[in-house]
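Shown next: target01.pdb, containing PDB, C-alpha atoms, pLDDT in the B column.
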```pdb
ATOM      1  CA  SER N 143       3.245 -29.942 -34.076  1.00 93.00           C
ATOM      2  CA  ARG N 144       3.198 -28.442 -30.547  1.00 92.00           C
ATOM      3  CA  LYS N 145      -0.222 -26.837 -31.090  1.00 89.00           C
ATOM      4  CA  LEU N 146       1.008 -23.395 -30.046  1.00 92.00           C
ATOM      5  CA  ASP N 147      -1.343 -20.421 -30.065  1.00 94.00           C
ATOM      6  CA  SER N 148      -1.293 -16.815 -28.911  1.00 95.00           C
ATOM      7  CA  PHE N 149      -3.270 -13.627 -28.414  1.00 97.00           C
ATOM      8  CA  GLN N 150      -2.036 -10.291 -29.737  1.00 97.00           C
ATOM      9  CA  TYR N 151      -2.082  -7.326 -27.356  1.00 95.00           C
ATOM     10  CA  ALA N 152      -0.330  -4.366 -28.967  1.00 93.00           C
ATOM     11  CA  ILE N 153       0.360  -2.542 -32.231  1.00 94.00           C
ATOM     12  CA  ILE N 154       3.876  -1.099 -32.430  1.00 90.00           C
ATOM     13  CA  SER N 155       3.266   1.054 -35.532  1.00 93.00           C
ATOM     14  CA  ASP N 156       1.435   4.370 -35.175  1.00 92.00           C
ATOM     15  CA  ILE N 157      -1.732   4.028 -37.245  1.00 94.00           C
ATOM     16  CA  GLY N 158      -3.622   6.703 -35.332  1.00 94.00           C
ATOM     17  CA  GLN N 159      -4.515   4.687 -32.222  1.00 95.00           C
ATOM     18  CA  THR N 160      -4.631   6.743 -29.026  1.00 96.00           C
ATOM     19  CA  THR N 161      -5.679   4.127 -26.468  1.00 97.00           C
ATOM     20  CA  HIS N 162      -4.826   0.555 -25.595  1.00 96.00           C
ATOM     21  CA  GLU N 163      -8.495  -0.346 -26.052  1.00 96.00           C
ATOM     22  CA  GLU N 164      -8.352   0.917 -29.652  1.00 97.00           C
ATOM     23  CA  GLU N 165      -5.340  -1.342 -30.301  1.00 96.00           C
ATOM     24  CA  HIS N 166      -7.374  -4.374 -29.240  1.00 96.00           C
ATOM     25  CA  LEU N 167     -10.276  -3.351 -31.479  1.00 96.00           C
ATOM     26  CA  LEU N 168      -7.981  -2.707 -34.445  1.00 97.00           C
ATOM     27  CA  LEU N 169      -6.150  -6.022 -33.987  1.00 97.00           C
ATOM     28  CA  LYS N 170      -9.476  -7.837 -33.958  1.00 97.00           C
ATOM     29  CA  ALA N 171     -10.619  -5.952 -37.090  1.00 97.00           C
ATOM     30  CA  PHE N 172      -7.361  -6.926 -38.837  1.00 96.00           C
ATOM     31  CA  GLY N 173      -8.103 -10.594 -38.146  1.00 97.00           C
ATOM     32  CA  PHE N 174      -5.684 -11.204 -35.267  1.00 97.00           C
ATOM     33  CA  LYS N 175      -6.710 -13.263 -32.238  1.00 97.00           C
ATOM     34  CA  THR N 176      -7.366 -11.049 -29.227  1.00 97.00           C
ATOM     35  CA  ASN N 177      -8.155 -12.062 -25.672  1.00 97.00           C
ATOM     36  CA  PRO N 178     -11.962 -12.133 -25.274  1.00 96.00           C
ATOM     37  CA  HIS N 179     -11.591 -11.548 -21.530  1.00 96.00           C
ATOM     38  CA  ALA N 180      -9.823  -8.178 -21.864  1.00 96.00           C
ATOM     39  CA  LYS N 181     -11.876  -5.405 -20.280  1.00 96.00           C
ATOM     40  CA  LEU N 182     -11.738  -1.626 -20.040  1.00 97.00           C
ATOM     41  CA  CYS N 183     -11.898  -0.558 -16.370  1.00 97.00           C
ATOM     42  CA  HIS N 184     -12.763   3.024 -15.470  1.00 97.00           C
ATOM     43  CA  SER N 185     -11.374   3.078 -11.929  1.00 96.00           C
ATOM     44  CA  THR N 186      -8.907   1.368  -9.608  1.00 94.00           C
ATOM     45  CA  ASP N 187     -11.826  -0.345  -7.864  1.00 97.00           C
ATOM     46  CA  GLU N 188     -12.980  -1.826 -11.191  1.00 97.00           C
ATOM     47  CA  ALA N 189      -9.463  -3.103 -11.938  1.00 96.00           C
ATOM     48  CA  VAL N 190      -9.214  -4.706  -8.487  1.00 96.00           C
ATOM     49  CA  ALA N 191     -12.664  -6.281  -8.888  1.00 97.00           C
ATOM     50  CA  TYR N 192     -11.621  -7.668 -12.307  1.00 97.00           C
ATOM     51  CA  ARG N 193      -8.542  -9.303 -10.821  1.00 97.00           C
ATOM     52  CA  ASN N 194     -10.505 -10.630  -7.834  1.00 97.00           C
ATOM     53  CA  TYR N 195     -13.121 -12.177 -10.147  1.00 97.00           C
ATOM     54  CA  TRP N 196     -10.561 -14.143 -12.126  1.00 96.00           C
ATOM     55  CA  GLU N 197      -8.639 -15.553  -9.160  1.00 94.00           C
ATOM     56  CA  PRO N 198     -11.371 -18.090  -8.238  1.00 93.00           C
ATOM     57  CA  HIS N 199     -12.583 -18.444 -11.866  1.00 95.00           C
ATOM     58  CA  ARG N 200      -9.262 -19.071 -13.637  1.00 91.00           C
ATOM     59  CA  LYS N 201     -10.115 -22.753 -14.113  1.00 88.00           C
ATOM     60  CA  LYS N 202     -12.753 -21.622 -16.635  1.00 92.00           C
ATOM     61  CA  ILE N 203      -9.892 -20.769 -19.007  1.00 93.00           C
ATOM     62  CA  ASP N 204      -8.221 -23.639 -20.894  1.00 88.00           C
ATOM     63  CA  TYR N 205      -4.693 -22.317 -20.273  1.00 87.00           C
ATOM     64  CA  GLU N 206      -2.753 -21.381 -17.131  1.00 84.00           C
ATOM     65  CA  ILE N 207      -2.695 -17.805 -15.809  1.00 88.00           C
ATOM     66  CA  ASP N 208      -1.069 -16.481 -12.622  1.00 87.00           C
ATOM     67  CA  GLY N 209      -2.679 -13.046 -12.514  1.00 92.00           C
ATOM     68  CA  THR N 210      -3.947 -10.150 -14.591  1.00 96.00           C
ATOM     69  CA  VAL N 211      -2.093  -7.294 -16.296  1.00 96.00           C
ATOM     70  CA  ILE N 212      -3.328  -3.744 -15.814  1.00 96.00           C
ATOM     71  CA  VAL N 213      -2.338  -1.262 -18.529  1.00 96.00           C
ATOM     72  CA  ILE N 214      -2.876   2.515 -18.668  1.00 97.00           C
ATOM     73  CA  ASN N 215      -5.402   3.028 -21.443  1.00 97.00           C
ATOM     74  CA  GLN N 216      -4.106   6.380 -22.711  1.00 97.00           C
ATOM     75  CA  ASN N 217      -1.100   5.606 -24.927  1.00 95.00           C
ATOM     76  CA  GLU N 218       0.398   9.079 -24.617  1.00 95.00           C
ATOM     77  CA  LEU N 219       0.329   8.904 -20.814  1.00 96.00           C
ATOM     78  CA  SER N 220       1.750   5.379 -20.866  1.00 95.00           C
ATOM     79  CA  ALA N 221       4.601   6.510 -23.139  1.00 94.00           C
ATOM     80  CA  ARG N 222       5.403   9.462 -20.839  1.00 96.00           C
ATOM     81  CA  ALA N 223       5.659   7.066 -17.884  1.00 96.00           C
ATOM     82  CA  GLY N 224       8.631   5.425 -19.606  1.00 96.00           C
ATOM     83  CA  PHE N 225      10.400   2.249 -18.539  1.00 95.00           C
ATOM     84  CA  ALA N 226      12.156   0.867 -15.482  1.00 94.00           C
ATOM     85  CA  GLY N 227      14.763  -1.379 -17.097  1.00 92.00           C
ATOM     86  CA  LYS N 228      12.725  -3.379 -19.593  1.00 90.00           C
ATOM     87  CA  ALA N 229       9.455  -3.052 -17.653  1.00 92.00           C
ATOM     88  CA  PRO N 230       6.967  -0.357 -18.735  1.00 94.00           C
ATOM     89  CA  ARG N 231       5.810   1.861 -15.889  1.00 96.00           C
ATOM     90  CA  GLY N 232       2.427   2.108 -17.598  1.00 95.00           C
ATOM     91  CA  ALA N 233       1.611  -1.566 -16.933  1.00 96.00           C
ATOM     92  CA  ILE N 234       1.734  -3.842 -13.909  1.00 95.00           C
ATOM     93  CA  ALA N 235       1.189  -7.552 -13.272  1.00 93.00           C
ATOM     94  CA  PHE N 236      -1.487  -8.035 -10.611  1.00 93.00           C
ATOM     95  CA  LYS N 237      -0.708 -11.564  -9.384  1.00 91.00           C
ATOM     96  CA  PHE N 238      -2.955 -14.138  -7.748  1.00 91.00           C
ATOM     97  CA  ILE N 239      -2.174 -15.811  -4.425  1.00 87.00           C
ATOM     98  CA  PRO N 240       0.071 -18.809  -5.287  1.00 84.00           C
ATOM     99  CA  ARG N 241      -1.627 -22.206  -5.349  1.00 84.00           C
ATOM    100  CA  GLU N 242      -0.745 -24.672  -2.602  1.00 90.00           C
ATOM    101  CA  THR N 243      -0.712 -28.435  -2.263  1.00 94.00           C
ATOM    102  CA  THR N 244       0.789 -31.039   0.066  1.00 96.00           C
ATOM    103  CA  THR N 245       3.347 -33.748  -0.589  1.00 97.00           C
ATOM    104  CA  ARG N 246       5.972 -35.765   1.260  1.00 97.00           C
ATOM    105  CA  LEU N 247       9.683 -35.054   1.610  1.00 97.00           C
ATOM    106  CA  ARG N 248      11.543 -38.185   0.486  1.00 97.00           C
ATOM    107  CA  ALA N 249      15.141 -36.989   0.789  1.00 97.00           C
ATOM    108  CA  VAL N 250      17.428 -33.965   0.692  1.00 96.00           C
ATOM    109  CA  ASN N 251      20.185 -33.830  -1.923  1.00 96.00           C
ATOM    110  CA  ILE N 252      23.064 -31.353  -1.770  1.00 96.00           C
ATOM    111  CA  GLN N 253      24.245 -29.406  -4.806  1.00 95.00           C
ATOM    112  CA  VAL N 254      27.570 -27.583  -5.012  1.00 96.00           C
ATOM    113  CA  GLY N 255      27.380 -24.332  -6.979  1.00 94.00           C
ATOM    114  CA  ARG N 256      30.044 -22.514  -9.003  1.00 93.00           C
ATOM    115  CA  THR N 257      31.028 -20.408  -5.958  1.00 94.00           C
ATOM    116  CA  GLY N 258      31.301 -23.539  -3.807  1.00 96.00           C
ATOM    117  CA  VAL N 259      28.118 -22.874  -1.827  1.00 96.00           C
ATOM    118  CA  LEU N 260      26.241 -26.019  -0.801  1.00 97.00           C
ATOM    119  CA  THR N 261      22.507 -25.822  -1.505  1.00 96.00           C
ATOM    120  CA  PRO N 262      20.079 -28.392  -0.089  1.00 96.00           C
ATOM    121  CA  VAL N 263      17.451 -29.534  -2.597  1.00 96.00           C
ATOM    122  CA  ALA N 264      14.259 -31.289  -1.493  1.00 97.00           C
ATOM    123  CA  LEU N 265      13.366 -34.536  -3.278  1.00 97.00           C
ATOM    124  CA  LEU N 266       9.574 -34.783  -3.122  1.00 97.00           C
ATOM    125  CA  GLU N 267       6.938 -37.317  -3.935  1.00 97.00           C
ATOM    126  CA  PRO N 268       5.733 -36.101  -7.368  1.00 97.00           C
ATOM    127  CA  VAL N 269       2.722 -33.814  -7.076  1.00 96.00           C
ATOM    128  CA  GLU N 270       0.767 -31.717  -9.588  1.00 92.00           C
ATOM    129  CA  ILE N 271       0.460 -28.011  -8.849  1.00 89.00           C
ATOM    130  CA  GLY N 272      -0.726 -25.398 -11.324  1.00 75.00           C
ATOM    131  CA  GLY N 273      -0.564 -27.812 -14.256  1.00 78.00           C
ATOM    132  CA  VAL N 274       3.029 -28.880 -13.551  1.00 87.00           C
ATOM    133  CA  VAL N 275       4.319 -32.040 -11.840  1.00 93.00           C
ATOM    134  CA  VAL N 276       6.889 -31.048  -9.213  1.00 94.00           C
ATOM    135  CA  GLU N 277       9.512 -33.415  -7.756  1.00 96.00           C
ATOM    136  CA  HIS N 278      12.202 -31.000  -6.518  1.00 95.00           C
ATOM    137  CA  SER N 279      12.310 -27.770  -4.557  1.00 95.00           C
ATOM    138  CA  THR N 280      15.266 -25.690  -3.453  1.00 89.00           C
ATOM    139  CA  LEU N 281      15.621 -25.199   0.301  1.00 94.00           C
ATOM    140  CA  HIS N 282      18.006 -22.238  -0.229  1.00 91.00           C
ATOM    141  CA  ASN N 283      20.280 -22.979   2.745  1.00 93.00           C
ATOM    142  CA  PHE N 284      20.514 -25.059   5.907  1.00 93.00           C
ATOM    143  CA  ASP N 285      19.117 -22.240   8.080  1.00 95.00           C
ATOM    144  CA  GLU N 286      15.895 -22.567   6.054  1.00 94.00           C
ATOM    145  CA  ILE N 287      15.694 -26.275   6.991  1.00 95.00           C
ATOM    146  CA  GLU N 288      16.054 -25.299  10.654  1.00 95.00           C
ATOM    147  CA  ARG N 289      13.495 -22.505  10.343  1.00 95.00           C
ATOM    148  CA  LEU N 290      10.927 -24.890   8.848  1.00 96.00           C
ATOM    149  CA  GLY N 291      11.794 -27.637  11.353  1.00 96.00           C
ATOM    150  CA  LEU N 292      11.987 -29.983   8.368  1.00 97.00           C
ATOM    151  CA  LYS N 293      12.633 -33.727   8.601  1.00 97.00           C
ATOM    152  CA  ILE N 294      12.881 -36.530   6.042  1.00 97.00           C
ATOM    153  CA  GLY N 295       9.426 -38.104   5.727  1.00 97.00           C
ATOM    154  CA  ASP N 296       7.527 -34.938   6.676  1.00 97.00           C
ATOM    155  CA  THR N 297       4.311 -33.909   4.957  1.00 97.00           C
ATOM    156  CA  VAL N 298       4.957 -30.408   3.625  1.00 97.00           C
ATOM    157  CA  VAL N 299       2.971 -27.553   2.113  1.00 96.00           C
ATOM    158  CA  LEU N 300       4.265 -26.736  -1.361  1.00 95.00           C
ATOM    159  CA  THR N 301       3.603 -23.666  -3.461  1.00 92.00           C
ATOM    160  CA  ARG N 302       5.049 -22.221  -6.660  1.00 85.00           C
ATOM    161  CA  ALA N 303       6.281 -18.681  -6.122  1.00 71.00           C
ATOM    162  CA  GLY N 304       4.798 -16.571  -8.909  1.00 64.00           C
ATOM    163  CA  ASP N 305       3.240 -19.855 -10.081  1.00 65.00           C
ATOM    164  CA  VAL N 306       6.739 -20.793 -11.299  1.00 78.00           C
ATOM    165  CA  ILE N 307       9.340 -21.684  -8.652  1.00 87.00           C
ATOM    166  CA  PRO N 308       8.500 -24.588  -6.272  1.00 92.00           C
ATOM    167  CA  LYS N 309       8.862 -23.633  -2.607  1.00 92.00           C
ATOM    168  CA  ILE N 310       8.177 -25.457   0.677  1.00 95.00           C
ATOM    169  CA  THR N 311       6.366 -23.001   2.930  1.00 94.00           C
ATOM    170  CA  SER N 312       5.610 -25.102   6.029  1.00 96.00           C
ATOM    171  CA  VAL N 313       5.590 -28.538   7.640  1.00 97.00           C
ATOM    172  CA  ILE N 314       2.394 -30.270   8.810  1.00 97.00           C
ATOM    173  CA  LYS N 315       3.859 -31.566  12.065  1.00 95.00           C
ATOM    174  CA  ASN N 316       0.666 -33.169  13.384  1.00 96.00           C
ATOM    175  CA  LEU N 317       0.908 -35.742  10.573  1.00 96.00           C
ATOM    176  CA  ARG N 318       4.242 -37.065  11.833  1.00 95.00           C
ATOM    177  CA  THR N 319       4.431 -40.792  12.599  1.00 95.00           C
ATOM    178  CA  GLY N 320       7.644 -40.780  14.615  1.00 95.00           C
ATOM    179  CA  GLU N 321       9.628 -42.357  11.778  1.00 95.00           C
ATOM    180  CA  GLU N 322      10.810 -39.026  10.388  1.00 97.00           C
ATOM    181  CA  LYS N 323      14.577 -38.442  10.309  1.00 97.00           C
ATOM    182  CA  SER N 324      16.536 -35.291  11.058  1.00 96.00           C
ATOM    183  CA  ILE N 325      18.550 -33.671   8.271  1.00 96.00           C
ATOM    184  CA  PRO N 326      22.178 -33.426   9.419  1.00 93.00           C
ATOM    185  CA  LEU N 327      24.523 -30.612   8.441  1.00 93.00           C
ATOM    186  CA  PRO N 328      27.160 -31.886   5.999  1.00 94.00           C
ATOM    187  CA  LYS N 329      30.661 -32.223   7.472  1.00 94.00           C
ATOM    188  CA  ILE N 330      32.582 -32.474   4.201  1.00 96.00           C
ATOM    189  CA  CYS N 331      31.941 -31.449   0.597  1.00 97.00           C
ATOM    190  CA  PRO N 332      29.764 -34.148  -1.014  1.00 95.00           C
ATOM    191  CA  ALA N 333      31.617 -33.718  -4.313  1.00 95.00           C
ATOM    192  CA  ASP N 334      35.301 -34.011  -3.321  1.00 95.00           C
ATOM    193  CA  GLY N 335      35.430 -34.520   0.455  1.00 96.00           C
ATOM    194  CA  SER N 336      37.075 -31.170   1.168  1.00 96.00           C
ATOM    195  CA  LYS N 337      36.602 -29.236   4.408  1.00 96.00           C
ATOM    196  CA  LEU N 338      33.672 -26.846   4.608  1.00 96.00           C
ATOM    197  CA  THR N 339      33.665 -23.217   5.696  1.00 96.00           C
ATOM    198  CA  ARG N 340      30.698 -21.236   7.002  1.00 94.00           C
ATOM    199  CA  GLU N 341      29.965 -17.666   5.905  1.00 92.00           C
ATOM    200  CA  GLY N 342      26.749 -16.430   7.510  1.00 91.00           C
ATOM    201  CA  VAL N 343      23.932 -18.668   6.244  1.00 91.00           C
ATOM    202  CA  PHE N 344      26.163 -20.188   3.550  1.00 94.00           C
ATOM    203  CA  ILE N 345      28.247 -23.359   3.823  1.00 96.00           C
ATOM    204  CA  ARG N 346      30.991 -23.474   1.214  1.00 96.00           C
ATOM    205  CA  CYS N 347      33.487 -26.043  -0.114  1.00 97.00           C
ATOM    206  CA  SER N 348      36.994 -24.803   0.763  1.00 95.00           C
ATOM    207  CA  ASN N 349      38.611 -26.245  -2.383  1.00 96.00           C
ATOM    208  CA  PRO N 350      38.610 -23.669  -5.226  1.00 94.00           C
ATOM    209  CA  GLN N 351      39.333 -26.490  -7.707  1.00 95.00           C
ATOM    210  CA  CYS N 352      36.415 -28.663  -6.548  1.00 96.00           C
ATOM    211  CA  GLY N 353      35.143 -30.647  -9.551  1.00 95.00           C
ATOM    212  CA  ALA N 354      31.512 -29.673  -8.876  1.00 95.00           C
ATOM    213  CA  ARG N 355      32.468 -25.985  -8.770  1.00 94.00           C
ATOM    214  CA  GLU N 356      34.363 -26.275 -12.058  1.00 95.00           C
ATOM    215  CA  ARG N 357      31.412 -28.020 -13.721  1.00 95.00           C
ATOM    216  CA  GLU N 358      28.970 -25.336 -12.556  1.00 94.00           C
ATOM    217  CA  LYS N 359      31.360 -22.602 -13.720  1.00 94.00           C
ATOM    218  CA  LEU N 360      31.388 -24.181 -17.177  1.00 96.00           C
ATOM    219  CA  TYR N 361      27.577 -24.405 -17.226  1.00 95.00           C
ATOM    220  CA  HIS N 362      27.420 -20.716 -16.295  1.00 94.00           C
ATOM    221  CA  PHE N 363      30.062 -19.700 -18.857  1.00 95.00           C
ATOM    222  CA  VAL N 364      28.180 -21.230 -21.797  1.00 96.00           C
ATOM    223  CA  SER N 365      24.737 -20.142 -20.554  1.00 95.00           C
ATOM    224  CA  ARG N 366      22.557 -17.551 -22.251  1.00 92.00           C
ATOM    225  CA  LYS N 367      23.248 -15.047 -19.425  1.00 88.00           C
ATOM    226  CA  ALA N 368      27.027 -15.304 -19.922  1.00 89.00           C
ATOM    227  CA  PHE N 369      29.063 -16.286 -23.020  1.00 89.00           C
TER     228      PHE N 369
END
```
Represent the supplied structure as structure tokens.
Amino acid sequence: SRKLDSFQYAIISDIGQTTHEEEHLLLKAFGFKTNPHAKLCHSTDEAVAYRNYWEPHRKKIDYEIDGTVIVINQNELSARAGFAGKAPRGAIAFKFIPRETTTRLRAVNIQVGRTGVLTPVALLEPVEIGGVVVEHSTLHNFDEIERLGLKIGDTVVLTRAGDVIPKITSVIKNLRTGEEKSIPLPKICPADGSKLTREGVFIRCSNPQCGAREREKLYHFVSRKAF
């Protein structure tokens, strides 16, 4: 019902294949769907040229990509390289430069995390970037707002880090009208009115029983990464 589809890239069983290229050919012979754009490169320069071709031509493909993956062709050599955590050392993602667009900052909301840290979140005029409509972007901390020189009503440059996470990278100050408003530092916790403490770049609610903190702790406890 969701019209999902996929390409197959690897054979786990040992059926005599010695290279990654052979795995693609075997998968295709077995009737699996393989990526028609996969290519054997014989040098680093060829691999770089392949990636550089697809960055401006990615719109030719009817699905989103954010880079290319380069894999060592010799399976034995790739296996000897081993893993770093879950990531194979015999393969690397060769990313594209993130796409950028512009939008307007409508407001800044403040979220209180499970450790009590206050995080400013940008509320944006909805804008499409990389096939996704974005309305929110984290600003990380209040030092980041100062670094950007950000004001409510500003036109901002938005990107998606790794084509995933929305991020404001700069402010287009020459488009200001004079009606923009400064973003004040909070004086009390927006959730329970408690005093705030500052620890480096972080502003934290001083109440360990803050309702927002307890809610976020519960979210974390039942999340996939925790319980």
Using all atoms listed in the file, which of N:Thr257, N:Thr243, N:Ser324, N:Ser365 sits nearest Thr311 in chain N?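 For Thr311 in chain N, the nearest of the given residues is N:Thr243.
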Counting only C-alpha atoms, give me one row per residue of range 230-260 of chain N with an atom at most 12 Å from an atom of range 169-192 of chain N, showing the shortest contact pair and its distance in Å to one decimal, sorted by chain then residue number, as a Markdown table.
```
| residue | atom | partner | partner_atom | distance |
| --- | --- | --- | --- | --- |
| N:Ile234 | CA | N:Ala189 | CA | 11.4 |
| N:Ala235 | CA | N:Ala189 | CA | 11.6 |
| N:Phe236 | CA | N:Val190 | CA | 8.7 |
| N:Lys237 | CA | N:Val190 | CA | 11.0 |
| N:Phe238 | CA | N:Val190 | CA | 11.3 |
```
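With only C-alpha atoms taken into account, the protein and nucleic acid residues at most 6 Å from range 215-220 of chain N (excluding it and anything under 2 positions from it in its own chain) are N:Thr160, N:Thr161, N:His162, N:Arg222, N:Ala223, N:Gly232.
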Go through N:Gly255, N:Lys293, N:Asn194, N:Cys347 and flag the residue nearest Gly335 in chain N, using only C-alpha atoms for the distances. N:Cys347
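With all atoms listed in the file as the atoms that count, the minimum distance from Arg248 in chain N to the choices N:Thr261, N:Ser143, N:Thr297, N:Gln159 is reached by N:Thr297.
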What gap, in Å, lies between CA of Pro198 in chain N and CA of Asp296 in chain N? 29.4 Å
Incomplete range 244-272 of chain N brought to N, CA and C atoms, written out as a tab-separated table (two decimals), in the coordinates of the input:
```tsv
chain	number	residue	atom	x	y	z
N	244	THR	N	-0.05	-30.34	-0.90
N	244	THR	CA	0.79	-31.04	0.07
N	244	THR	C	1.46	-32.23	-0.61
N	245	THR	N	2.63	-32.57	-0.12
N	245	THR	CA	3.35	-33.75	-0.59
N	245	THR	C	4.28	-34.19	0.52
N	246	ARG	N	5.10	-35.20	0.23
N	246	ARG	CA	5.97	-35.76	1.26
N	246	ARG	C	7.43	-35.58	0.86
N	247	LEU	N	8.25	-35.21	1.84
N	247	LEU	CA	9.68	-35.05	1.61
N	247	LEU	C	10.36	-36.42	1.68
N	248	ARG	N	10.92	-36.86	0.56
N	248	ARG	CA	11.54	-38.18	0.49
N	248	ARG	C	13.01	-38.14	0.88
N	249	ALA	N	13.71	-37.08	0.51
N	249	ALA	CA	15.14	-36.99	0.79
N	249	ALA	C	15.59	-35.55	0.56
N	250	VAL	N	16.82	-35.26	0.97
N	250	VAL	CA	17.43	-33.97	0.69
N	250	VAL	C	18.77	-34.21	0.03
N	251	ASN	N	18.92	-33.75	-1.20
N	251	ASN	CA	20.18	-33.83	-1.92
N	251	ASN	C	20.94	-32.51	-1.77
N	252	ILE	N	22.24	-32.56	-1.92
N	252	ILE	CA	23.06	-31.35	-1.77
N	252	ILE	C	23.77	-31.06	-3.08
N	253	GLN	N	23.58	-29.84	-3.58
N	253	GLN	CA	24.24	-29.41	-4.81
N	253	GLN	C	25.36	-28.43	-4.46
N	254	VAL	N	26.46	-28.51	-5.19
N	254	VAL	CA	27.57	-27.58	-5.01
N	254	VAL	C	27.58	-26.63	-6.20
N	255	GLY	N	27.44	-25.33	-5.92
N	255	GLY	CA	27.38	-24.33	-6.98
N	255	GLY	C	28.75	-23.87	-7.43
N	256	ARG	N	28.77	-22.96	-8.42
N	256	ARG	CA	30.04	-22.51	-9.00
N	256	ARG	C	30.87	-21.69	-8.03
N	257	THR	N	30.26	-21.14	-6.98
N	257	THR	CA	31.03	-20.41	-5.96
N	257	THR	C	31.37	-21.31	-4.78
N	258	GLY	N	31.00	-22.59	-4.88
N	258	GLY	CA	31.30	-23.54	-3.81
N	258	GLY	C	30.24	-23.63	-2.74
N	259	VAL	N	29.17	-22.84	-2.84
N	259	VAL	CA	28.12	-22.87	-1.83
N	259	VAL	C	27.30	-24.16	-1.97
N	260	LEU	N	27.05	-24.81	-0.83
N	260	LEU	CA	26.24	-26.02	-0.80
N	260	LEU	C	24.77	-25.63	-0.64
N	261	THR	N	23.93	-26.12	-1.55
N	261	THR	CA	22.51	-25.82	-1.50
N	261	THR	C	21.71	-27.11	-1.32
N	262	PRO	N	20.93	-27.21	-0.25
N	262	PRO	CA	20.08	-28.39	-0.09
N	262	PRO	C	18.88	-28.32	-1.02
N	263	VAL	N	18.58	-29.45	-1.66
N	263	VAL	CA	17.45	-29.53	-2.60
N	263	VAL	C	16.52	-30.64	-2.13
N	264	ALA	N	15.25	-30.32	-1.96
N	264	ALA	CA	14.26	-31.29	-1.49
N	264	ALA	C	13.86	-32.22	-2.62
N	265	LEU	N	13.89	-33.53	-2.36
N	265	LEU	CA	13.37	-34.54	-3.28
N	265	LEU	C	11.99	-34.93	-2.77
N	266	LEU	N	10.96	-34.65	-3.56
N	266	LEU	CA	9.57	-34.78	-3.12
N	266	LEU	C	8.87	-35.92	-3.84
N	267	GLU	N	7.83	-36.43	-3.21
N	267	GLU	CA	6.94	-37.32	-3.94
N	267	GLU	C	6.26	-36.47	-5.02
N	268	PRO	N	6.27	-36.93	-6.28
N	268	PRO	CA	5.73	-36.10	-7.37
N	268	PRO	C	4.30	-35.65	-7.08
N	269	VAL	N	4.05	-34.37	-7.33
N	269	VAL	CA	2.72	-33.81	-7.08
N	269	VAL	C	2.43	-32.77	-8.14
N	270	GLU	N	1.18	-32.70	-8.57
N	270	GLU	CA	0.77	-31.72	-9.59
N	270	GLU	C	0.33	-30.43	-8.90
N	271	ILE	N	0.87	-29.31	-9.38
N	271	ILE	CA	0.46	-28.01	-8.85
N	271	ILE	C	0.49	-27.00	-9.98
N	272	GLY	N	-0.64	-26.39	-10.26
N	272	GLY	CA	-0.73	-25.40	-11.32
N	272	GLY	C	-0.40	-25.95	-12.69
```
